[in-house]
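Asks: Here it is, the structure in full.
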Amino acid sequence: MLALILRRFVLAIITLFIISLLVFVGLEALPGDAATAYLGQSATEESLKALREEFGLNAPAPMRYLKWLGGFLQGNLGESMARRAPVAEVIGNQFRNTVVLSIAASLFGIPLAIVLGVITGLTRDKWPDIILSLLAILGMTLPGFVTATVLIYIFSIKVTWFPAISMVPSDAPVSEILPNIILPIITLTFVMTAHILRLVRTSMIDVLSSDYVQMARLKGVPLLQVIFLHALPNAMLPTINVIALTIAWLLGGVAIIETVFNFPGIGKLLVNAIGDQDLPLVQGIAMILAGIYVGVNLIADLLTLFLNPRLRTARS
Amino acid sequence: MTVQTQVSEQKIVIKRQSPLLETWQNLRRSWSGMFGLGLITLHFLIALLSPVIVPHDPLEMDSKNRSAPPSAEHWFGTDKLGRDVFSRSMVGGRVSIMVTVFGISLAMFWGGLTGILLGFLGGWVDEIVMRVVDALLAIPWLLVLLIIVSAFGTDAWIQTLTFGFTYGYTAIRVARAATLDHVTDDYVLSARARGERRRTIVLKELLPNVLDILLVDGAMNWSWMLLGFSSLSFLGFGVPPPTPDWGFMIAINREILATQPWSVFGPALMLSTLIVGINLFADALAKALGLDRSQGAPV
Amino acid sequence: MSNLVEIKDLSIGYHNKSGKLIYVLKNISLQIKPGETVGLVGESGSGKSTLGQAMMGYLRLGSKVIGGKVTFAGNDMFALTPRQLEKIRGNKIALIPQNAGKSLTPTIRVGRQIIESILLNTSMEKSAAKSRMIELLGQVRLPHPEVIAERYPHELSGGQQQRVAVAMAIAGEPAMLVLDEPTTGLDVTTQAHILKLLREIVTKLGTAMMYISHDMGVIARVSDRVALMYAGEIVEDATAVEMFKSPAHPYARGLLQSIPRLSLAGIPKSMPGQPPIPGSLPGCSFAPRCPFVTEVCHTTPPDFVPIQNQARLVRCHHWEKVVAADFTQELKSVFHVFEHKTQDRPAIELKDVEISYHKPGLLEKLRNTPQPPATVSDVTLSVRGGETLALVGESGSGKSTIVRTISGLLPAKSGSIKFLYSDLKVAVDERPLDLCRQVQLIFQNPDASLNPRHTVAEILDQPLKLYFPQLNRDERRARQIEILERVRLDGRYRLRYPGQLSGGEKQRVAIARAFVAMPEVVLCDEVTSALDVSVQAAVLDLLADLQREHKTTYIFIAHDLAVVRAIADRVAVLYQGRLCEVGTVDEIFSPPYHPYTETLLGAVLVPDPESEPKLLASDTPELAPPAQGCAFQRRCPKFMRGVCDIETPPWRSLEDAEDHKIRCHIALDELSAKQSKIIVAD
């Protein structure tokens, strides 16, 4: 079993390396270099040269990659061109803010999704299921910015319950941020819950029609006990992976939500960075987001390993 | 292996026809599926015919009538530049649909083929490619799209290629998994034992069985692609103005949301109905083909 | 004494996609007395499983009761509330399922699942429940119950899982057990042990039992009374002896005549046709296939009436005619031994073949760890042209492995495999096409071996295009029709999909596919095991026919020794991948036996209620072959310490039967002296 865990870890690290390579290569492949990208129209020979000097862009690509990688491993993410400050510093608070937003949405959304998923699985094709499934479909298909806009319209314009735009400065303490981001949280929760709910539902339906659940019923086990003791644990197993995937998706989609609500998070920063063509910043953010994705997946993998007796004691 | 369950001697109760016909009949039975198919068809027709049938020129600015609420002349009102929202909403899907339809075909084609090959051949090539695919999937989708678009421009054909590429590698995963599922089936073993060439086995034995899953996945991916395209458009990285596009329209009209909500709701309605339609259809298709409706998170 | 179970005119059905009502059970009436064991027999589609579930008040999703009543211990099972049902299930009536592995919750340890049953169905305290659970595990003869209790279901073997299911069922001390094919998928010897266990428990506790199976041998062994089902109806209800010795219903008669038997050489006569959909015919459901049929049978459905001593029931207009004939006498005449010539030269030769699934990893190679014993080892066999060699053995015997290696799907580690003069020890990808053509493989389950997306025409076209590229489209089409007719299927089947064919028809298509290549050797991997009993004979007949015509050599894998008796010329008995005994069919079935052969033959359940199997060895599962010595050492009743576990046993044969070889440390005359003939011809 230790071997399995180790294997997963090693794979995760390898994946991170490949990602760093891909990101670097991807950015290298863009026409021009970071300097031309950033200066764009206003580039002159001198400004280009100066910028290149400053950011060490004259060194050959492999050297720059290794230098960057070395820095990254030490926690130094390079320097942002647009803001002339270390990337880590620029990201700093924005990252925390996004984390706050994501965790708030997850804490709310995941348990909700599981509960609703179980309910729809149990009441398959009856009214609770039909209504909830319809809502879930809406949540899954409506683009985040549509949902966000609709919510803004209803809750900020028609009734002024929640602020449409979070006016908090990026370094405000968490307690001040939270009340201002109710709408973004709701939006994110809506989307997340929809995805996870559907999967829990499918999983639940599968498990409820399994031989062992039938057997438990025929053994005389009361319905509630069957659901909680026999069905749920088995239905949850495949869900873990999807929850991980959904969190990962969150990292991508959160950028749009943050833009809609003008929330000072890492997603909005990313969009701005791309708009500014600030490549070092983009690189730094990409690595962080990818790192989170890999980390979350690793945890999910390990959790599945621990919780699934079949994998734990599998003979090779 | 010892005896398995008995193979039934009874002819199946329902007189089965060819799998294609049977799938269609199953599909017909699903209300949501047919509704979804209807929505898709409607959108296709609109996209095709709209330039001809719209009441106003989508680009024409009526400076006296800016941000006007819905009226008999402007069913959805006008946007802040005085353009007719209804006409723009009708036309706003053309690029989206074109790019995504071609994009998804491209994606499923190259992703599907690669996935099947990987699943069938296995070995270290499979290992390496899957590692790379996993790594690619770890990079937030938005980021990849944004980078490529910001680098190569927002021309519709470039976008098609971009989307075709990025959504292709999720198709690889699905095709590969489906292939692995079937590669141990007896009929594949039987073909191998007969000495059939690998190419024959992949094309004749595996592909027809993997095609279902690819179709359903393709439909689902199409809706994700639309989502992605409109998101890009929303952020300003999509089709450049003045070509009307739903995502972009929603973005720029947000400022007058309070006074003229229909300038946003118009395109939002169009976009949403198409995506919902595709999803309903894909769901029903999966059921009609007898497939497991397990859906993962989007790219 | 009042009946424990009273089923009266029960009909169950469901609505299909077009809304039409389809019957699964029609007018079922059955009684079971306390302590009685009723065997419910039927082929696939007869509705027996549904009846078993109905006994517990359970209906599959979409099915409903159309009429009639099921009364258990005075309770109308379909009129009870869910709470009441919960109280009865597990408590008064318990189910032992078909696939115990799938019926035990994967995430809960086995012991806890039994304790759950105890707590729900008895008034025991939690503290006492654990020791009771261990006691139950001991009662079902599981060694080291404390260890087993802590295991998860997937960590146990099939036989162990089934025993756990039995323990779980008797935990509530129910008045009745319902068993739905509980030994399907288990080895012959394991099956015999579990049945013995069941008989003991049932006698001791006075439990009534409803045993559902398609296997006539099992039913004969286990039942007091037998109810035979056909197309959703019970067609005969009699004591076991009455049913098996002189059946009164034409279907019973036909069925019993169509099963291969250990005691009679040759292939039995198969019944033509297929079972209809329940309730679809205006008259008797069996009329289209009945040899006793008259006009009235097509128009009027027969009533289920008591006959003879009034305790026996039959659903037939002409039962008197059926009972009039001497069944036992008739049985002998029904078996026909097919004559065919074999050549002297060997078609397939295996010498010292060793096959291993284990692929040493880099670490193991570096550390030089000793490799585990090979899956198959030391196999030397020679199959003559035109002959049928049967490979016999239980799970783990390696018979499938050997056949797959011959066909090139698996690599052999060492040894030589030859077909005529060509080397078969080459992977199938590297064999010349003509060699591939000569050696064809037919699989067990036609559901899986025919591509569901191809029509029959396409399925047959593949080998034609591959091996005979010079044929054009029309010529291929002609050959397809020809081979279809040869396997007794109409040419119109070409355009059908496998999903539209019955099990027997699908297997014929698989056979056609193999023979359209005009092979020399056909490897048959349990090709009749997944088919209904009554259809097996027809397929065996077909295979024999084709062999006679094309002089094909067969290597035939079977776990059912009666099938081996029907079709094989020579037999090789395998245990854990090693040969134990090789000889002609007659030689194998008479002493001297290899101790494993003796165990195997002893465990076979024949469709004769008056014969009892002899259980000679335990049924502890083997995980891997032993590193040295005889393969059978751990279970052999004649085990000699210091000899059998150290040295590989030598091949011995009798002077007058050179080709009959037994691999044992015990001298043959010594073996013969202690062994009596197990199979007695009627």
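Ordered as shown in the structure tokens, chains take letters A, B, and onward, while each chain numbers its residues from 1 and ligands are numbered from 1 in the order shown.
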Would you give me, as a tab-separated table, each residue of chain A having an atom within 10 Å of an atom of chain C, along with its shortest atom pair and that distance in Å to one decimal, using only C-alpha atoms and sorting by chain and residue number?

Replies:
```
residue	atom	partner	partner_atom	distance
A:Ser209	CA	C:Leu61	CA	9.1
A:Ser210	CA	C:Lys102	CA	8.0
A:Asp211	CA	C:Ser103	CA	4.9
A:Tyr212	CA	C:Ser103	CA	3.8
A:Val213	CA	C:Thr105	CA	7.3
A:Gln214	CA	C:Ser103	CA	7.7
A:Met215	CA	C:Ser103	CA	5.8
A:Ala216	CA	C:Ser103	CA	8.2
A:Arg217	CA	C:Glu86	CA	7.4
A:Leu218	CA	C:Arg89	CA	5.7
A:Lys219	CA	C:Gly90	CA	4.3
A:Gly220	CA	C:Glu86	CA	4.2
A:Val221	CA	C:Glu86	CA	6.5
A:Pro222	CA	C:Glu86	CA	6.4
A:Leu223	CA	C:Glu86	CA	8.8
A:Leu229	CA	C:Ile108	CA	8.5
A:His230	CA	C:Thr105	CA	6.3
A:Ala231	CA	C:Thr105	CA	8.4
A:Pro233	CA	C:Thr107	CA	7.1
A:Asn234	CA	C:Thr107	CA	6.8
A:Leu307	CA	C:Thr107	CA	8.3
A:Asn308	CA	C:Thr107	CA	6.9
A:Pro309	CA	C:Thr107	CA	6.1
A:Arg310	CA	C:His154	CA	6.7
A:Thr313	CA	C:Glu155	CA	7.7
A:Ala314	CA	C:Glu155	CA	8.1
A:Arg315	CA	C:Glu155	CA	8.8
```

Asks: For the residues in that selection, give me C-alpha atoms as a PDB file, in the first residue's frame.

Replies:
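Just written: part.pdb:
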```pdb
ATOM      1  CA  SER A 209     -29.925  -1.112  -8.067  1.00  0.00           C
ATOM      2  CA  SER A 210     -26.929  -3.217  -7.140  1.00  0.00           C
ATOM      3  CA  ASP A 211     -27.155  -6.805  -5.975  1.00  0.00           C
ATOM      4  CA  TYR A 212     -25.840  -6.072  -2.520  1.00  0.00           C
ATOM      5  CA  VAL A 213     -28.381  -3.367  -1.800  1.00  0.00           C
ATOM      6  CA  GLN A 214     -31.104  -5.717  -2.976  1.00  0.00           C
ATOM      7  CA  MET A 215     -29.642  -8.369  -0.697  1.00  0.00           C
ATOM      8  CA  ALA A 216     -29.627  -6.005   2.268  1.00  0.00           C
ATOM      9  CA  ARG A 217     -33.303  -5.277   1.682  1.00  0.00           C
ATOM     10  CA  LEU A 218     -34.060  -8.956   1.432  1.00  0.00           C
ATOM     11  CA  LYS A 219     -32.173  -9.521   4.655  1.00  0.00           C
ATOM     12  CA  GLY A 220     -34.696  -7.352   6.393  1.00  0.00           C
ATOM     13  CA  VAL A 221     -32.496  -4.301   6.847  1.00  0.00           C
ATOM     14  CA  PRO A 222     -34.636  -1.179   7.347  1.00  0.00           C
ATOM     15  CA  LEU A 223     -34.537   1.336   4.522  1.00  0.00           C
ATOM     16  CA  LEU A 229     -24.707   1.955   5.814  1.00  0.00           C
ATOM     17  CA  HIS A 230     -24.770   0.044   2.563  1.00  0.00           C
ATOM     18  CA  ALA A 231     -25.556   2.425  -0.246  1.00  0.00           C
ATOM     19  CA  PRO A 233     -20.417   4.647   1.270  1.00  0.00           C
ATOM     20  CA  ASN A 234     -20.330   2.887  -2.052  1.00  0.00           C
ATOM     21  CA  LEU A 307     -11.783   4.497   1.527  1.00  0.00           C
ATOM     22  CA  ASN A 308     -12.119   1.738  -1.036  1.00  0.00           C
ATOM     23  CA  PRO A 309     -11.374  -1.602   0.578  1.00  0.00           C
ATOM     24  CA  ARG A 310     -10.998  -3.193  -2.809  1.00  0.00           C
ATOM     25  CA  THR A 313      -6.109  -4.886  -0.167  1.00  0.00           C
ATOM     26  CA  ALA A 314      -5.837  -5.555  -3.859  1.00  0.00           C
ATOM     27  CA  ARG A 315      -3.534  -8.408  -4.642  1.00  0.00           C
TER      28      ARG A 315
END
```

Asks: Write out as an MDAnalysis selection string the set of residues from segment 19-139 of chain A that DSSP, computed on the backbone, places in helix (DSSP H, G or I).

Replies: chainID A and resid 19:29 34:42 45:55 61:73 87:122 127:139

Asks: Of the candidates B:Val210, B:Leu180, B:Ala175, B:Leu274, which shows the shortest atom-to-atom distance to chain A, using only C-alpha atoms?

Replies: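 The shortest atom-to-atom distance to chain A comes from B:Leu274.
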
Asks: For chain A, report every residue with an atom at most 6 Å from chain B (counting only C-alpha atoms), formatted as a ChimeraX atom specification.

Replies: /A:15,19,30,141-143,245-246,252,290,293

Asks: Could you save the residues just selected, with C-alpha atoms, as a CSV table (one decimal), in the first residue's frame?

Replies:
```
chain,number,residue,atom,x,y,z
A,15,THR,CA,3.1,15.9,-13.8
A,19,ILE,CA,3.3,21.3,-16.7
A,30,LEU,CA,4.4,32.8,-29.0
A,141,THR,CA,-25.2,24.6,-18.8
A,142,LEU,CA,-25.7,28.2,-18.1
A,143,PRO,CA,-22.4,30.0,-18.5
A,245,LEU,CA,-12.2,17.6,-10.9
A,246,THR,CA,-14.9,20.2,-10.1
A,252,GLY,CA,-10.5,28.0,-14.4
A,290,ALA,CA,-1.8,23.9,-12.0
A,293,TYR,CA,-5.1,21.1,-9.5
```

Asks: Nearest residue to Trp246 of chain B out of B:Phe86, B:Tyr187, B:Trp124, B:Phe109, using only C-alpha atoms?

Replies: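 Using only C-alpha atoms, the shortest distance to Trp246 of chain B belongs to B:Phe86.
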
Asks: Would you list the contacts of His298 of chain C as JSON, numbers by chain, taking every protein, DNA or RNA residue within 8 Å and counting only C-alpha atoms, but skipping same-chain residues closer than 3 positions in sequence?

Replies: {"C": [282, 283, 284, 287, 294, 295, 301]}

Asks: Calculated over only C-alpha atoms, which of the candidates B:Ile256, B:Ile201, B:Met90, B:Leu21 has the smallest distance to Leu42 of chain B?

Replies: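 Among the listed residues, the smallest separation from Leu42 of chain B belongs to B:Met90.
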
Asks: Give me, as CSV, each residue of chain C that comes within 8 Å of chain B, together with its shortest interatomic pair and the distance in Å at one decimal, counting only C-alpha atoms, with rows ordered by chain and rising residue number.

Replies:
```
residue,atom,partner,partner_atom,distance
C:Asn16,CA,B:Ile14,CA,7.7
C:Ser44,CA,B:Ser8,CA,5.3
C:Gly45,CA,B:Gln10,CA,6.5
C:Thr184,CA,B:Val3,CA,6.9
C:Gly185,CA,B:Val3,CA,4.9
C:Leu186,CA,B:Thr2,CA,6.9
C:Asp187,CA,B:Thr2,CA,7.0
C:Gln274,CA,B:Glu9,CA,6.6
C:Pro275,CA,B:Gln10,CA,6.3
C:Pro276,CA,B:Gln10,CA,6.9
C:Ile277,CA,B:Gln10,CA,7.3
C:Glu394,CA,B:Thr2,CA,7.4
C:Ser395,CA,B:Met1,CA,5.9
C:Gly396,CA,B:Met1,CA,7.9
C:Ser400,CA,B:Met1,CA,7.6
C:Ser407,CA,B:Ala193,CA,6.1
C:Gly408,CA,B:Ala193,CA,6.8
C:Leu409,CA,B:Ala193,CA,6.3
C:Val428,CA,B:Gly195,CA,6.0
C:Asp429,CA,B:Gly195,CA,6.2
C:Arg431,CA,B:Gly195,CA,7.6
C:Leu433,CA,B:Gly195,CA,6.6
C:Cys436,CA,B:Gly195,CA,5.7
C:Arg437,CA,B:Arg194,CA,6.7
C:Gln440,CA,B:Arg194,CA,6.7
C:Leu441,CA,B:Ala193,CA,7.0
C:Ile442,CA,B:Ser190,CA,7.7
C:Phe443,CA,B:Asp186,CA,7.3
C:Asn445,CA,B:Val7,CA,7.5
C:Pro446,CA,B:Val7,CA,8.0
C:Asp447,CA,B:Val7,CA,7.4
C:Ala448,CA,B:Asp186,CA,5.3
C:Ser449,CA,B:Tyr187,CA,4.0
C:Leu450,CA,B:Tyr187,CA,5.3
C:Asn451,CA,B:Tyr187,CA,5.6
C:Arg453,CA,B:Pro208,CA,6.6
C:Pro463,CA,B:Arg194,CA,7.4
C:Leu466,CA,B:Glu196,CA,7.1
C:Tyr497,CA,B:Ser18,CA,7.1
C:Gly499,CA,B:Arg16,CA,7.2
C:Gln500,CA,B:Arg16,CA,6.0
C:Leu501,CA,B:Lys11,CA,5.9
C:Ser502,CA,B:Glu9,CA,4.7
C:Gly503,CA,B:Glu9,CA,5.0
C:Gly504,CA,B:Glu9,CA,6.4
C:Ser529,CA,B:Val3,CA,5.9
C:Ala530,CA,B:Gln6,CA,4.7
C:Leu531,CA,B:Val7,CA,5.5
C:Asp532,CA,B:Gln6,CA,6.4
C:His559,CA,B:Thr2,CA,7.3
```

Asks: Got a sec to tell me which of segment 371-422 of chain C DSSP assigns to strand (DSSP E), as a list in words?

Replies: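 Of segment 371-422 of chain C, the ones in strand (DSSP E) are Val376, Ser377, Asp378, Val379, Thr380, Leu381, Ser382, Val383, Arg384, Thr388, Leu389, Ala390, Leu391, Val392, Ser414, Gly415, Ser416, Ile417, Lys418, Phe419 and Ser422 of chain C.
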
Asks: For Pro173 of chain A, which of A:Val271, A:Val100, A:Leu112, A:Leu48 is the closest residue, counting only C-alpha atoms?

Replies: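 Once distances to Pro173 of chain A are computed over only C-alpha atoms, the minimum belongs to A:Val100.
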
Asks: So which residues touch Ala248 of chain C within 7 Å, counting only C-alpha atoms, skipping near sequence neighbours fewer than 2 positions away, as JSON, numbers by chain?

Replies: {"C": [246, 250, 314, 319, 322, 323]}

Asks: If you count only C-alpha atoms, which residues fall within 8 Å of segment 101-108 of chain B, apart from same-chain ones fewer than 4 positions away, as a count of residues only?

Replies: 19

Asks: One decimal, Å: what's the distance from atom CA of Leu10 of chain C over to atom CA of Ser29 of chain C, could you say?

Replies: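 That distance, rounded to one decimal, is 6.6 Å.
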